[in-house]
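For reference, the structure is listed below as structure tokens.
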Amino acid sequence: MSTAGLTLRQVRFTNKAFWRNPASAFFTFAFPLMFLVIFTALLGGGNLPIQGVQLAQSTYYVGAMATFGVISACFTNIAMSVCFNRDGGILKRTRGTPLPGWSYLTGRVIHAMIVGAILVVLTLTFGRVFYQGTFPTGLPLLELIVTFLVGSLSFAALGLAVTAVVPNADAAPPIVNAIVLPLLFVSGIFIPIGDNAPQWIKTVGAIFPVKHFADAMRAGYLGNVVAHTPLGDIHPFAFDWTDILVIVAWGVVGLILAARYFSWEPRK
Amino acid sequence: MSERVIEIRGLRKTYGDVEAVKGIDLHVDRGEVFALLGPNGAGKTSTAEILEGFRPKTAGDVSVLGHDPARREVALKQRIGIVLQSTGIDPFLTVRETVELYSGYFPHPRNVDEVIDLVGLAEKRAARVNKLSGGQQRRLDVAIALAGDPELLFLDEPTTGFDPNARRNAWQIVKNLVGLGKTVFLTTHFMDEAQYLANRVAVISHGEIVAEGPPDTLAGRDTMRARIRFRVAGDGATPPDLGQVRLDDGSFEIRAEDPTERVHELTGWALNSGIELEVLEVSRPSLEDVYLDITGGEEGSE
């Protein structure tokens, strides 16, 4: 079988195991939708001043939870499942077969991207049906797709890099959550960060890729929104390539660290 | 000359200051079951993992099916099957899916169901791995290693932690493999396992090979003095001097290079005197005796 065929086969088996694992299926797949409903019910009644316009908080959350879904699937899920498989000896066993190591890992990444894509579509559909959201079309849709591809790949690379600092499988959930949860908060995923948020939070958020990913996803999602101002019509959620560059930079760092420090065997 | 499947010359492996393997020479021929026998920490797994391509050697020459395993070439990995010391199987796939997954990595895999039958998991075909007992998971390990129909199979302590029944089953599986013409490289710290399965045994101790040969003749076992043990019914009756020693439990032991003659004398005396011999045993030193002798009876330590 060709290596491409082997990789796709790996996606298929990864997918089977994923859905049968209650922890991975629930935390990765149900969390973003559950949070969308909870956050919108609790906090989604009003408007949020952002980029100088008033945005319905429910609409804000649709974009934020789509972002959260991709990060859960590609960063959290990959980091944890690879740690579990490493400590369980599955990586070492696979390494003893003719399957190329990169083929195994690529299979996992492609699977995570598919789960992430399904989550984005589901979240946007949910927003369309329940929260007066719209589907992006035209250029913003293209921008959304580009953002998704760049973001999911970069977070997957970072997820693989993180496994290098996780000493054993038991430590995987606390370490991965300790990294991702604060970033989700300072990047406005759970609690909206509008124009009135403290500056230091914005500054910290701007260093890391989560905020840039969220902004670019929102730009893709809401790129068609037009604000009418005395100075003329503007697109408040315009796509900014700077966001993409920051995400790519983090992704490259993740890839380099993963290539250097990734281990196929349990850490002693 | 038979075909060399594994050839090791002057293999050394150090971890920091610790020298785990101290320059060993070994070879395994096609169709052999070769056992590397030794206590824990003797260098068995280091040697096996160098042959399997998981660890780099420090020095020496290693050839597995004509390849240097350190290069991790696909062409070599397609021809070997590995059963590692610890199992590592996705808990959420079924037995059949697992074997199917791994067989897909090889150019000429065995039939999936045939492999499952071979390790005796036919009834568990549709069961998920996390529903299997430890022994069943170990059998699945062997099934995975066989999935690609390898010429050479590595079994690293395949029955550690097994109950006697599970061990017998596992041995039967290995015997079946030999029937398939596989070459097997086995590491174990069980003497009986090496004796039952292997054509040839090398005993490793502190990183050095201290004895090598077929289990029946290992370290001159066949020419060592036999042990005759007997017990005399009733009390008072003592046999004539045959060189016996009285043991703590009241029985007698004779160490003899010519056991046939001694037994003849002993039974002749018993018949003539009308004395019943309650116990009469003649034995060669067990592989265990030899092993404990040559490894200095060292306790296993990781």
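The chains in the structure tokens are called A, B, ... from first to last as shown; in each chain the residues are counted from 1, and the ligands are counted from 1 in the order shown.
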Checklist entry - Neighbours of range 145-159 of chain A within 6 Å (only C-alpha atoms; same-chain residues fewer than 6 positions away dropped), as a list in words? => result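 Within the cut-off, the hits are Cys74, Phe75, Ile78, Ala79, Gly251, Gly254 and Leu255 of chain A.
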Rows by chain and residue number, chain A within 12 Å of chain B, shortest pair, only C-alpha atoms, as CSV:
residue,atom,partner,partner_atom,distance
A:Met1,CA,B:Pro107,CA,7.5
A:Ser2,CA,B:Tyr105,CA,10.1
A:Thr3,CA,B:Tyr105,CA,9.6
A:Gly5,CA,B:Gly104,CA,10.1
A:Leu6,CA,B:Tyr105,CA,7.4
A:Thr7,CA,B:Tyr105,CA,10.3
A:Leu8,CA,B:Gly104,CA,11.7
A:Arg9,CA,B:Leu101,CA,8.2
A:Gln10,CA,B:Leu101,CA,8.0
A:Val11,CA,B:Leu101,CA,11.1
A:Arg12,CA,B:Leu101,CA,9.8
A:Phe13,CA,B:Leu101,CA,7.3
A:Thr14,CA,B:Leu93,CA,9.3
A:Asn15,CA,B:Leu93,CA,10.3
A:Lys16,CA,B:Leu93,CA,7.3
A:Ala17,CA,B:Phe92,CA,5.1
A:Phe18,CA,B:Phe92,CA,8.0
A:Trp19,CA,B:Phe92,CA,8.9
A:Arg20,CA,B:Phe92,CA,6.0
A:Asn21,CA,B:Phe92,CA,6.5
A:Pro22,CA,B:Phe92,CA,9.9
A:Ala23,CA,B:Phe92,CA,11.6
A:Ser24,CA,B:Phe92,CA,11.3
A:Ser81,CA,B:Asp90,CA,10.6
A:Val82,CA,B:Asp90,CA,11.4
A:Phe84,CA,B:Asp90,CA,9.7
A:Asn85,CA,B:Asp90,CA,7.5
A:Arg86,CA,B:Gly88,CA,8.7
A:Asp87,CA,B:Gly88,CA,8.5
A:Gly88,CA,B:Gly88,CA,5.1
A:Gly89,CA,B:Gly88,CA,4.2
A:Ile90,CA,B:Gly88,CA,4.5
A:Leu91,CA,B:Gly88,CA,8.0
A:Lys92,CA,B:Gly88,CA,7.9
A:Arg93,CA,B:Gly88,CA,6.6
A:Thr94,CA,B:Tyr102,CA,8.3
A:Arg95,CA,B:Phe54,CA,8.3
A:Gly96,CA,B:Lys77,CA,6.8
A:Thr97,CA,B:Lys77,CA,5.6
A:Pro98,CA,B:Val74,CA,5.0
A:Leu99,CA,B:Tyr105,CA,5.6
A:Pro100,CA,B:Val74,CA,8.1
A:Gly101,CA,B:Val74,CA,11.1
A:Ser103,CA,B:Tyr105,CA,10.9
A:Tyr104,CA,B:Tyr105,CA,10.8
A:Ser263,CA,B:Phe54,CA,11.8
A:Trp264,CA,B:Phe54,CA,9.8
A:Glu265,CA,B:Phe54,CA,9.4
A:Pro266,CA,B:Gly88,CA,11.0
Item to check | Surrounding residues of Val184 in chain B excluding itself and chain neighbours under 3 positions, 10 Å, only C-alpha atoms, as a ChimeraX atom specification | outcome: /B:5,28-35,80-81,151-155,174,177-178,181,187,197-198
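Reported to one decimal place, the separation of CA of Leu222 in chain A from CA of Phe135 in chain A is 8.5 Å.
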Checklist entry - Just asking: which residues within range 205-280 of chain B are strand (DSSP E or B) according to DSSP, as a list in words? => result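 Assigned to strand (DSSP E or B), within range 205-280 of chain B: Ser205, Glu208, Ile209, Val210, Ala211, Glu212, Gly213, Ala226, Arg227, Ile228, Arg229, Phe230, Arg231, Val232, Val245, Arg246, Phe252, Glu253, Ile254, Arg255, Ala256, Leu277, Glu278, Val279 and Leu280 of chain B.
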Item to check | Which residue of B:Glu114, B:Glu278, B:Glu253, B:Glu208 approaches Leu26 in chain B most closely, using only C-alpha atoms | outcome: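 For Leu26 in chain B, the nearest of the given residues is B:Glu208.
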Checklist entry - How far is it from CA of Ile175 in chain A to CA of Ala64 in chain A, in Å with one decimal? => result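 Going from CA of Ile175 in chain A over to CA of Ala64 in chain A, I get 22.7 Å.
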Checklist entry - Using only C-alpha atoms, which residues sit within 12 Å of range 263-275 of chain B once same-chain residues fewer than 6 positions away are excluded, as JSON, numbers by chain? => result {"B": [226, 227, 228, 229, 230, 231, 232, 233, 234, 235, 236, 237, 238, 239, 240, 241, 242, 243, 244, 252, 253, 254, 255, 256, 257, 281, 282, 283]}
Go ahead and save the residues from that selection, with C-alpha atoms, as a PDB file, in the first residue's frame.
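Saved the output as selection-v5.pdb:
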ATOM      1  CA  ALA B 226      23.742 -37.775  38.436  1.00  0.00           C
ATOM      2  CA  ARG B 227      21.899 -37.708  41.710  1.00  0.00           C
ATOM      3  CA  ILE B 228      20.366 -40.896  43.157  1.00  0.00           C
ATOM      4  CA  ARG B 229      17.977 -40.291  46.007  1.00  0.00           C
ATOM      5  CA  PHE B 230      16.301 -43.052  47.980  1.00  0.00           C
ATOM      6  CA  ARG B 231      14.531 -43.757  51.231  1.00  0.00           C
ATOM      7  CA  VAL B 232      14.508 -47.005  53.112  1.00  0.00           C
ATOM      8  CA  ALA B 233      11.252 -48.323  54.599  1.00  0.00           C
ATOM      9  CA  GLY B 234      11.163 -48.777  58.380  1.00  0.00           C
ATOM     10  CA  ASP B 235      14.263 -47.821  60.284  1.00  0.00           C
ATOM     11  CA  GLY B 236      17.540 -49.249  61.261  1.00  0.00           C
ATOM     12  CA  ALA B 237      18.370 -50.745  57.904  1.00  0.00           C
ATOM     13  CA  THR B 238      21.321 -49.020  56.378  1.00  0.00           C
ATOM     14  CA  PRO B 239      22.643 -49.899  52.972  1.00  0.00           C
ATOM     15  CA  PRO B 240      26.295 -50.834  52.524  1.00  0.00           C
ATOM     16  CA  ASP B 241      28.635 -48.004  51.702  1.00  0.00           C
ATOM     17  CA  LEU B 242      27.673 -46.738  48.274  1.00  0.00           C
ATOM     18  CA  GLY B 243      28.942 -43.244  49.013  1.00  0.00           C
ATOM     19  CA  GLN B 244      25.525 -42.050  50.179  1.00  0.00           C
ATOM     20  CA  PHE B 252      19.815 -40.725  51.239  1.00  0.00           C
ATOM     21  CA  GLU B 253      21.576 -39.198  48.267  1.00  0.00           C
ATOM     22  CA  ILE B 254      24.356 -40.580  46.132  1.00  0.00           C
ATOM     23  CA  ARG B 255      26.251 -38.442  43.598  1.00  0.00           C
ATOM     24  CA  ALA B 256      27.502 -40.754  40.901  1.00  0.00           C
ATOM     25  CA  GLU B 257      29.224 -40.566  37.541  1.00  0.00           C
ATOM     26  CA  GLU B 281      14.936 -41.181  42.038  1.00  0.00           C
ATOM     27  CA  VAL B 282      17.728 -40.770  39.542  1.00  0.00           C
ATOM     28  CA  SER B 283      18.172 -37.318  38.073  1.00  0.00           C
TER      29      SER B 283
END
Item to check | helix (DSSP H, G or I) per DSSP on the backbone: members of range 5-231 of chain A, as a PyMOL selection string | outcome: chain A and resi 5-20+22-43+57-87+90-95+101-130+138-165+169-186+199-207+209-222
Checklist entry - In Å, how far is it from CA of Pro215 in chain B to CA of Phe190 in chain B? => result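 Result for CA of Pro215 in chain B versus CA of Phe190 in chain B: 12.4 Å, one decimal.
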Checklist entry - Got a sec: who's within 12 Å of range 190-193 of chain A, counting only C-alpha atoms, leaving out chain neighbours fewer than 2 positions off, as a ChimeraX atom specification? => result /A:31-32,35-40,42-44,46-51,55-68,180-188,195-203,205-206,210-211,214-215
